[in-house]
Structures are given as C-alpha cells and as structure tokens.
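Novice: File follows, my_file-v2.pdb with PDB, C-alpha atoms:
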ATOM      1  CA  MET A 497       0.000   0.000   0.000
ATOM      2  CA  SER A 498       1.398   3.387  -1.042
ATOM      3  CA  LYS A 499       1.576   6.214   1.439
ATOM      4  CA  VAL A 500      -0.024   9.523   0.563
ATOM      5  CA  LYS A 501       0.042  12.917   2.199
ATOM      6  CA  LYS A 502      -2.637  15.578   1.989
ATOM      7  CA  ILE A 503      -1.696  18.945   0.553
ATOM      8  CA  ASN A 504      -3.426  22.291   0.202
ATOM      9  CA  PRO A 505      -4.762  23.097  -3.314
ATOM     10  CA  ASN A 506      -2.272  25.990  -3.457
ATOM     11  CA  GLU A 507       0.536  23.446  -3.138
ATOM     12  CA  ILE A 508      -0.227  21.476  -6.320
ATOM     13  CA  PRO A 509       3.315  20.940  -7.611
ATOM     14  CA  ARG A 510       2.592  21.164 -11.362
ATOM     15  CA  SER A 511       0.519  23.264 -13.708
ATOM     16  CA  PRO A 512      -3.104  22.058 -13.710
ATOM     17  CA  PHE A 513      -3.211  23.057 -17.396
ATOM     18  CA  ASP A 514      -0.457  20.552 -18.222
ATOM     19  CA  MET A 515      -1.772  17.939 -15.813
ATOM     20  CA  ILE A 516      -5.210  17.876 -17.432
ATOM     21  CA  SER A 517      -4.514  18.561 -21.098
ATOM     22  CA  LYS A 518      -1.153  16.826 -21.573
ATOM     23  CA  GLU A 519      -0.830  14.258 -18.802
ATOM     24  CA  TRP A 520      -4.561  13.449 -18.680
ATOM     25  CA  MET A 521      -6.497  12.196 -15.682
ATOM     26  CA  LEU A 522      -8.734   9.352 -14.645
ATOM     27  CA  VAL A 523     -12.241  10.219 -13.461
ATOM     28  CA  THR A 524     -13.250   7.473 -11.035
ATOM     29  CA  ALA A 525     -16.440   6.726  -9.114
ATOM     30  CA  GLU A 526     -18.141   3.806  -7.418
ATOM     31  CA  LYS A 527     -21.646   2.400  -7.771
ATOM     32  CA  ASP A 528     -23.056  -0.641  -5.992
ATOM     33  CA  GLY A 529     -19.596  -1.659  -4.803
ATOM     34  CA  LYS A 530     -18.053  -1.566  -8.285
ATOM     35  CA  VAL A 531     -15.430   0.985  -9.370
ATOM     36  CA  ASN A 532     -15.231   2.367 -12.900
ATOM     37  CA  THR A 533     -12.940   4.920 -14.467
ATOM     38  CA  MET A 534     -12.394   6.853 -17.672
ATOM     39  CA  THR A 535      -9.610   8.965 -19.109
ATOM     40  CA  ALA A 536     -10.293  12.679 -19.483
ATOM     41  CA  SER A 537      -8.287  15.577 -20.849
ATOM     42  CA  TRP A 538     -10.863  18.358 -20.529
ATOM     43  CA  GLY A 539     -11.481  20.165 -17.271
ATOM     44  CA  GLY A 540      -9.998  22.664 -14.919
ATOM     45  CA  VAL A 541      -9.700  23.990 -11.395
ATOM     46  CA  GLY A 542     -10.683  27.264  -9.819
ATOM     47  CA  PHE A 543     -12.659  29.014  -7.128
ATOM     48  CA  LEU A 544     -16.458  29.167  -7.193
ATOM     49  CA  TRP A 545     -19.222  29.546  -4.614
ATOM     50  CA  GLY A 546     -16.650  30.155  -1.884
ATOM     51  CA  LYS A 547     -14.987  26.788  -2.555
ATOM     52  CA  ASN A 548     -11.965  25.345  -4.320
ATOM     53  CA  VAL A 549     -13.478  23.466  -7.241
ATOM     54  CA  ALA A 550     -12.674  21.392 -10.275
ATOM     55  CA  PHE A 551     -14.828  20.945 -13.316
ATOM     56  CA  VAL A 552     -14.948  17.955 -15.627
ATOM     57  CA  PHE A 553     -16.802  17.076 -18.794
ATOM     58  CA  ILE A 554     -18.375  13.679 -19.470
ATOM     59  CA  ARG A 555     -20.205  12.647 -22.636
ATOM     60  CA  PRO A 556     -23.601  10.967 -22.166
ATOM     61  CA  GLN A 557     -22.568   7.644 -23.717
ATOM     62  CA  ARG A 558     -19.676   7.067 -21.302
ATOM     63  CA  TYR A 559     -20.329   4.164 -18.944
ATOM     64  CA  THR A 560     -18.421   5.937 -16.168
ATOM     65  CA  LYS A 561     -21.070   8.669 -16.266
ATOM     66  CA  THR A 562     -23.579   6.272 -14.672
ATOM     67  CA  PHE A 563     -21.121   5.765 -11.803
ATOM     68  CA  VAL A 564     -20.532   9.502 -11.402
ATOM     69  CA  ASP A 565     -24.268  10.211 -11.524
ATOM     70  CA  ASN A 566     -24.972   7.616  -8.822
ATOM     71  CA  SER A 567     -22.320   8.784  -6.384
ATOM     72  CA  ASP A 568     -21.899  11.902  -4.271
ATOM     73  CA  THR A 569     -18.128  11.871  -4.802
ATOM     74  CA  LEU A 570     -15.500  11.081  -7.408
ATOM     75  CA  SER A 571     -11.747  11.260  -7.796
ATOM     76  CA  LEU A 572      -9.527  12.865 -10.399
ATOM     77  CA  SER A 573      -6.151  11.162 -10.509
ATOM     78  CA  PHE A 574      -2.898  11.878 -12.320
ATOM     79  CA  TYR A 575      -0.031   9.555 -13.261
ATOM     80  CA  ASP A 576       3.591   9.381 -14.288
ATOM     81  CA  GLU A 577       4.285   8.979 -18.019
ATOM     82  CA  LYS A 578       5.002   5.266 -17.557
ATOM     83  CA  TYR A 579       1.216   4.777 -17.164
ATOM     84  CA  ARG A 580       0.319   6.417 -20.512
ATOM     85  CA  GLU A 581      -0.612   3.102 -22.145
ATOM     86  CA  LYS A 582      -3.006   2.307 -19.298
ATOM     87  CA  LEU A 583      -4.572   5.768 -19.559
ATOM     88  CA  ASN A 584      -5.033   5.180 -23.305
ATOM     89  CA  TYR A 585      -6.719   1.862 -22.518
ATOM     90  CA  CYS A 586      -9.077   3.489 -19.988
ATOM     91  CA  GLY A 587     -10.059   6.050 -22.610
ATOM     92  CA  LYS A 588     -10.709   3.576 -25.421
ATOM     93  CA  VAL A 589     -12.343   0.628 -23.652
ATOM     94  CA  SER A 590     -15.753   0.753 -21.994
ATOM     95  CA  GLY A 591     -16.376  -0.836 -18.626
ATOM     96  CA  ARG A 592     -19.579  -2.175 -20.203
ATOM     97  CA  ASP A 593     -17.441  -4.469 -22.340
ATOM     98  CA  GLU A 594     -14.473  -5.336 -20.143
ATOM     99  CA  GLU A 595     -13.430  -5.249 -16.505
ATOM    100  CA  LYS A 596     -11.229  -2.203 -17.056
ATOM    101  CA  VAL A 597      -9.946  -1.684 -13.545
ATOM    102  CA  PRO A 598      -8.593  -5.237 -13.042
ATOM    103  CA  ASN A 599      -7.189  -5.196 -16.582
ATOM    104  CA  THR A 600      -5.090  -2.096 -15.819
ATOM    105  CA  GLY A 601      -3.514  -3.695 -12.786
ATOM    106  CA  PHE A 602      -4.289  -0.533 -10.811
ATOM    107  CA  THR A 603      -4.871  -0.954  -7.078
ATOM    108  CA  VAL A 604      -8.132   0.526  -5.796
ATOM    109  CA  ALA A 605      -7.863   2.541  -2.584
ATOM    110  CA  HIS A 606     -10.430   4.721  -0.853
ATOM    111  CA  GLU A 607     -10.348   8.085   0.841
ATOM    112  CA  GLY A 608     -13.524   7.812   2.882
ATOM    113  CA  ASP A 609     -16.096   6.515   0.391
ATOM    114  CA  THR A 610     -14.252   7.803  -2.684
ATOM    115  CA  PRO A 611     -12.241   5.367  -4.807
ATOM    116  CA  TYR A 612      -8.899   6.224  -6.368
ATOM    117  CA  PHE A 613      -5.830   4.284  -7.498
ATOM    118  CA  GLU A 614      -2.660   3.849  -5.458
ATOM    119  CA  GLU A 615      -0.530   4.244  -8.581
ATOM    120  CA  ALA A 616      -1.566   7.893  -9.010
ATOM    121  CA  ASN A 617       1.051  10.482  -8.159
ATOM    122  CA  LEU A 618      -1.666  13.029  -7.318
ATOM    123  CA  THR A 619      -5.360  12.501  -6.617
ATOM    124  CA  ILE A 620      -8.071  15.078  -6.104
ATOM    125  CA  ILE A 621     -10.967  13.833  -3.961
ATOM    126  CA  CYS A 622     -14.159  15.625  -4.973
ATOM    127  CA  LYS A 623     -17.755  16.114  -3.861
ATOM    128  CA  LYS A 624     -20.279  16.823  -6.598
ATOM    129  CA  LEU A 625     -21.917  20.246  -6.417
ATOM    130  CA  TYR A 626     -23.514  20.828  -9.827
ATOM    131  CA  ARG A 627     -24.222  19.121 -13.141
ATOM    132  CA  GLN A 628     -25.602  20.589 -16.309
ATOM    133  CA  SER A 629     -25.924  19.299 -19.838
ATOM    134  CA  MET A 630     -24.304  21.541 -22.395
ATOM    135  CA  ASP A 631     -26.791  23.438 -24.537
ATOM    136  CA  PRO A 632     -25.711  23.891 -28.169
ATOM    137  CA  ASN A 633     -27.707  27.131 -28.309
ATOM    138  CA  CYS A 634     -25.252  28.655 -25.846
ATOM    139  CA  PHE A 635     -22.199  28.433 -28.119
ATOM    140  CA  ILE A 636     -21.023  31.906 -29.036
ATOM    141  CA  ASP A 637     -18.305  30.465 -31.292
ATOM    142  CA  ASN A 638     -20.278  28.056 -33.504
ATOM    143  CA  GLU A 639     -17.078  26.444 -34.806
ATOM    144  CA  ILE A 640     -16.724  24.714 -31.422
ATOM    145  CA  ASP A 641     -20.058  22.972 -31.974
ATOM    146  CA  SER A 642     -19.226  21.791 -35.484
ATOM    147  CA  LYS A 643     -15.649  20.771 -34.614
ATOM    148  CA  TRP A 644     -16.134  19.021 -31.272
ATOM    149  CA  TYR A 645     -19.744  17.816 -31.494
ATOM    150  CA  PRO A 646     -20.404  16.448 -34.995
ATOM    151  CA  SER A 647     -22.487  13.663 -33.394
ATOM    152  CA  LYS A 648     -24.311  16.156 -31.141
ATOM    153  CA  ASP A 649     -23.262  14.165 -28.050
ATOM    154  CA  TYR A 650     -22.834  17.158 -25.788
ATOM    155  CA  HIS A 651     -20.988  16.748 -22.515
ATOM    156  CA  ASP A 652     -22.444  17.098 -19.077
ATOM    157  CA  VAL A 653     -20.407  19.590 -17.050
ATOM    158  CA  TYR A 654     -19.761  18.699 -13.419
ATOM    159  CA  VAL A 655     -18.568  21.242 -10.883
ATOM    160  CA  VAL A 656     -17.060  19.436  -7.911
ATOM    161  CA  GLU A 657     -15.700  20.689  -4.623
ATOM    162  CA  ILE A 658     -12.097  19.763  -3.928
ATOM    163  CA  LYS A 659     -12.250  18.022  -0.553
ATOM    164  CA  ASP A 660      -8.693  16.612  -0.399
ATOM    165  CA  ILE A 661      -5.589  16.441  -2.546
ATOM    166  CA  LEU A 662      -3.460  13.360  -2.021
ATOM    167  CA  VAL A 663       0.157  13.215  -3.176
ATOM    168  CA  LYS A 664       1.963   9.887  -3.356
ATOM    169  CA  GLU A 665       4.997   9.566  -1.102
ATOM    170  CA  ASP A 666       7.664   7.131  -2.246
TER     171      ASP A 666
END
Take the structure in the file and write it out as structure tokens.
Specialist:
Amino acid sequence: MSKVKKINPNEIPRSPFDMISKEWMLVTAEKDGKVNTMTASWGGVGFLWGKNVAFVFIRPQRYTKTFVDNSDTLSLSFYDEKYREKLNYCGKVSGRDEEKVPNTGFTVAHEGDTPYFEEANLTIICKKLYRQSMDPNCFIDNEIDSKWYPSKDYHDVYVVEIKDILVKED
C-alpha cells in the first residue's frame, strides 16, 4: 500500500493546465460496490461559490457517467508517463465491455467513500456540487459545436468541490 500525504490546493506541484490537457487524468467513481474509471483531458480547477473546485466534462454515452451520476463523490487522478498506455486503454475501452480496472492492474484505494488508485502520483478527492448538460444554443463560437460535437453528443459539465488532494509519497 502506497503512502499519501494531503496537501493544500495551493501546493499542487505542477501546472493544472499541463496535468489535465497533456498528462490526462482518470475520473473514477463507485456504484453498488463496483469501481469504474475513464480517461479525461478536458477540465480545470478554480474558485467558485466560496470553494476550491474542479470541473470535468463527461459525454452521455460514457459508462463511467452512470457511476458519477450515482455517487456523491469522485476522484480525479494523475499519473507518471510510464502509465500512458493504461490511460489510453481506460479512454478507449468501456467498462460495459471489459473489466477495465482489473485489466489495468491498478490498485483501488479509498479516501472515505471515494475510490482512487494507489498508482496515481496526485489525486483530487471531490464532492459533486452541480451538473448541467451543455446546450448547443449557448455556443457563441459556432465552430466549437461543429468541430467538437459532430455527433451532437454534448458533454455534461460537473462542478465538484475539492475536498482533499493526495500526493503519493515514495
């Protein structure tokens, strides 16, 4: 079992822009005792409603969305480059079709009721605050709609409160 320490959001050691867009993250939640995860590269962090928050985007057809929707919490976890192939796998394969988590070899851990993976070098433990489906009528730049949503499968946006940030100690 890996040891982790809790840090303040202001102490995140790397750029959240790089962490999310270049390194990617796993969005993980639990439903009925089963853990599922998906790779994501869209999201961010900030301050809203008097809280440190993160926001993530999940398309309606993603199996992990059912886990996120049925849980009060979720985790966002980040990995060293040596895990890139596993992150690719978690982004391409649906948990409907395969047992993704066992197939990655990742070790499930929990912070309270929230699942995450011991292999992560940084994990953000989150409590859901808000969800809204994207409305195509709200695009000001219509090229975004045509470029990113040709199938009209608009994301749901989740705003989540950052409850804890865990950093792996080796």
Novice: Tell me which of A:Ile658, A:Leu544, A:Val500, A:Leu583 sits closest to Lys518 in chain A, counting only C-alpha atoms.
Specialist: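 Using only C-alpha atoms, Lys518 in chain A sits closest to A:Leu583.
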Novice: What's the 6 Å shell around range 571-580 of chain A, counting only C-alpha atoms, without same-chain residues fewer than 5 positions away, as a VMD selection string?
Specialist: chain A and resid 521 to 524 612 616 to 622
Novice: Write a file of the selected residues as a tab-separated table (two decimals), in the frame of the given file, keeping C-alpha atoms.
Specialist:
chain	number	residue	atom	x	y	z
A	521	MET	CA	-6.50	12.20	-15.68
A	522	LEU	CA	-8.73	9.35	-14.64
A	523	VAL	CA	-12.24	10.22	-13.46
A	524	THR	CA	-13.25	7.47	-11.04
A	612	TYR	CA	-8.90	6.22	-6.37
A	616	ALA	CA	-1.57	7.89	-9.01
A	617	ASN	CA	1.05	10.48	-8.16
A	618	LEU	CA	-1.67	13.03	-7.32
A	619	THR	CA	-5.36	12.50	-6.62
A	620	ILE	CA	-8.07	15.08	-6.10
A	621	ILE	CA	-10.97	13.83	-3.96
A	622	CYS	CA	-14.16	15.62	-4.97
Novice: Hey, can you check how far CA of Trp644 in chain A sits from CA of Tyr559 in chain A?
Specialist: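 Result for CA of Trp644 in chain A versus CA of Tyr559 in chain A: 19.8 Å, one decimal.
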Novice: If you measure from CA of Pro556 in chain A to CA of Tyr626 in chain A, what distance in Å do you get, rounded to one decimal?
Specialist: 15.8 Å
Novice: Would you translate the PyMOL selection byres ((chain A and resi 587-597) around 10) into the concrete set of residues it matches in this file, as a list in words?
Specialist: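 In the shown coordinates, the PyMOL selection byres ((chain A and resi 587-597) around 10) covers Met521, Leu522, Lys530, Val531, Asn532, Thr533, Met534, Thr535, Ala536, Ser537, Gln557, Arg558, Tyr559, Thr560, Glu581, Lys582, Leu583, Asn584, Tyr585, Cys586, Pro598, Asn599, Thr600, Gly601, Phe602, Thr603, Val604 and Phe613 of chain A.
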Novice: For the selection just defined, write its residues with C-alpha atoms to a file, as an mmCIF file, in the coordinates of the input.
Specialist:
data_model
loop_
_atom_site.group_PDB
_atom_site.id
_atom_site.type_symbol
_atom_site.label_atom_id
_atom_site.label_comp_id
_atom_site.auth_asym_id
_atom_site.auth_seq_id
_atom_site.Cartn_x
_atom_site.Cartn_y
_atom_site.Cartn_z
ATOM 1 C CA MET A 521 -6.497 12.196 -15.682
ATOM 2 C CA LEU A 522 -8.734 9.352 -14.645
ATOM 3 C CA LYS A 530 -18.053 -1.566 -8.285
ATOM 4 C CA VAL A 531 -15.430 0.985 -9.370
ATOM 5 C CA ASN A 532 -15.231 2.367 -12.900
ATOM 6 C CA THR A 533 -12.940 4.920 -14.467
ATOM 7 C CA MET A 534 -12.394 6.853 -17.672
ATOM 8 C CA THR A 535 -9.610 8.965 -19.109
ATOM 9 C CA ALA A 536 -10.293 12.679 -19.483
ATOM 10 C CA SER A 537 -8.287 15.577 -20.849
ATOM 11 C CA GLN A 557 -22.568 7.644 -23.717
ATOM 12 C CA ARG A 558 -19.676 7.067 -21.302
ATOM 13 C CA TYR A 559 -20.329 4.164 -18.944
ATOM 14 C CA THR A 560 -18.421 5.937 -16.168
ATOM 15 C CA GLU A 581 -0.612 3.102 -22.145
ATOM 16 C CA LYS A 582 -3.006 2.307 -19.298
ATOM 17 C CA LEU A 583 -4.572 5.768 -19.559
ATOM 18 C CA ASN A 584 -5.033 5.180 -23.305
ATOM 19 C CA TYR A 585 -6.719 1.862 -22.518
ATOM 20 C CA CYS A 586 -9.077 3.489 -19.988
ATOM 21 C CA PRO A 598 -8.593 -5.237 -13.042
ATOM 22 C CA ASN A 599 -7.189 -5.196 -16.582
ATOM 23 C CA THR A 600 -5.090 -2.096 -15.819
ATOM 24 C CA GLY A 601 -3.514 -3.695 -12.786
ATOM 25 C CA PHE A 602 -4.289 -0.533 -10.811
ATOM 26 C CA THR A 603 -4.871 -0.954 -7.078
ATOM 27 C CA VAL A 604 -8.132 0.526 -5.796
ATOM 28 C CA PHE A 613 -5.830 4.284 -7.498
#
Novice: Using all atoms listed in the file, can you tell me which of A:Val655, A:Val552, A:Ala525, A:Met630 comes closest to Trp538 in chain A?
Specialist: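 Nearest to Trp538 in chain A: A:Val552.
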Novice: Hey, what comes out of the PyMOL selection byres ((chain A and resi 503) around 12) on this file? Could you write it as a PyMOL selection string?
Specialist: chain A and resi 500-502+504-509+618-621+658-665
Novice: Can you pull out every residue within 12 Å of Pro632 in chain A, counting all atoms listed in the file, but drop anything in the same chain fewer than 2 positions away, and send it as a PyMOL selection string?
Specialist: chain A and resi 629-630+634-642+644-652
Novice: Would you compute the distance between CA of Met515 in chain A and CA of Leu625 in chain A? Give it in Å to one decimal.
Specialist: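 Computing it gives 22.3 Å between the two atoms.
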Novice: Ranking A:Gly539, A:Lys527, A:Trp545, A:Arg627 by minimum distance to Thr610 in chain A and counting all atoms listed in the file, which one comes first?
Specialist: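 Counting all atoms listed in the file, the residue closest to Thr610 in chain A is A:Lys527.
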Novice: For the provided coordinates, the residues matched by the PyMOL selection byres ((chain A and resi 565) around 10) should be stated as an mmCIF file with C-alpha atoms, in the frame of the given file.
Specialist:
data_model
loop_
_atom_site.group_PDB
_atom_site.id
_atom_site.type_symbol
_atom_site.label_atom_id
_atom_site.label_comp_id
_atom_site.auth_asym_id
_atom_site.auth_seq_id
_atom_site.Cartn_x
_atom_site.Cartn_y
_atom_site.Cartn_z
ATOM 1 C CA ALA A 525 -16.440 6.726 -9.114
ATOM 2 C CA GLU A 526 -18.141 3.806 -7.418
ATOM 3 C CA LYS A 527 -21.646 2.400 -7.771
ATOM 4 C CA THR A 560 -18.421 5.937 -16.168
ATOM 5 C CA LYS A 561 -21.070 8.669 -16.266
ATOM 6 C CA THR A 562 -23.579 6.272 -14.672
ATOM 7 C CA PHE A 563 -21.121 5.765 -11.803
ATOM 8 C CA VAL A 564 -20.532 9.502 -11.402
ATOM 9 C CA ASN A 566 -24.972 7.616 -8.822
ATOM 10 C CA SER A 567 -22.320 8.784 -6.384
ATOM 11 C CA ASP A 568 -21.899 11.902 -4.271
ATOM 12 C CA THR A 569 -18.128 11.871 -4.802
ATOM 13 C CA LEU A 570 -15.500 11.081 -7.408
ATOM 14 C CA LYS A 624 -20.279 16.823 -6.598
ATOM 15 C CA ARG A 627 -24.222 19.121 -13.141
ATOM 16 C CA TYR A 654 -19.761 18.699 -13.419
#
Novice: I'd like the neighbourhood of range 547-549 of chain A as a list in words, where a residue qualifies if any of its atoms comes within 7 Å (using all atoms listed in the file), though same-chain residues fewer than 4 positions away should be ignored.
Specialist: Val541, Gly542, Phe543, Val655, Val656, Glu657 and Ile658 of chain A
Novice: First collect every listed atom of range 640-657 of chain A; then fit an axis-aligned box around them, widen it by 8 Å on each side, and give centre and edge lengths in Å to one decimal, as AutoDock Vina command-line options.
Specialist:
--center_x -20.0 --center_y 19.2 --center_z -20.1 --size_x 24.7 --size_y 27.1 --size_z 46.9
Novice: Rank nothing, just name the residue among A:Lys643, A:Asn633, A:Asp514, A:Gly529 nearest to Asp609 in chain A, using only C-alpha atoms.
Specialist: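 Looking only at the distances to Asp609 in chain A, the closest residue turns out to be A:Gly529.
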Novice: Using only C-alpha atoms, which residue out of A:Pro611, A:Val653, A:Gly546, A:His606 lies closest to Asp631 in chain A?
Specialist: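 Ranking A:Pro611, A:Val653, A:Gly546, A:His606 by distance to Asp631 in chain A, first place goes to A:Val653.
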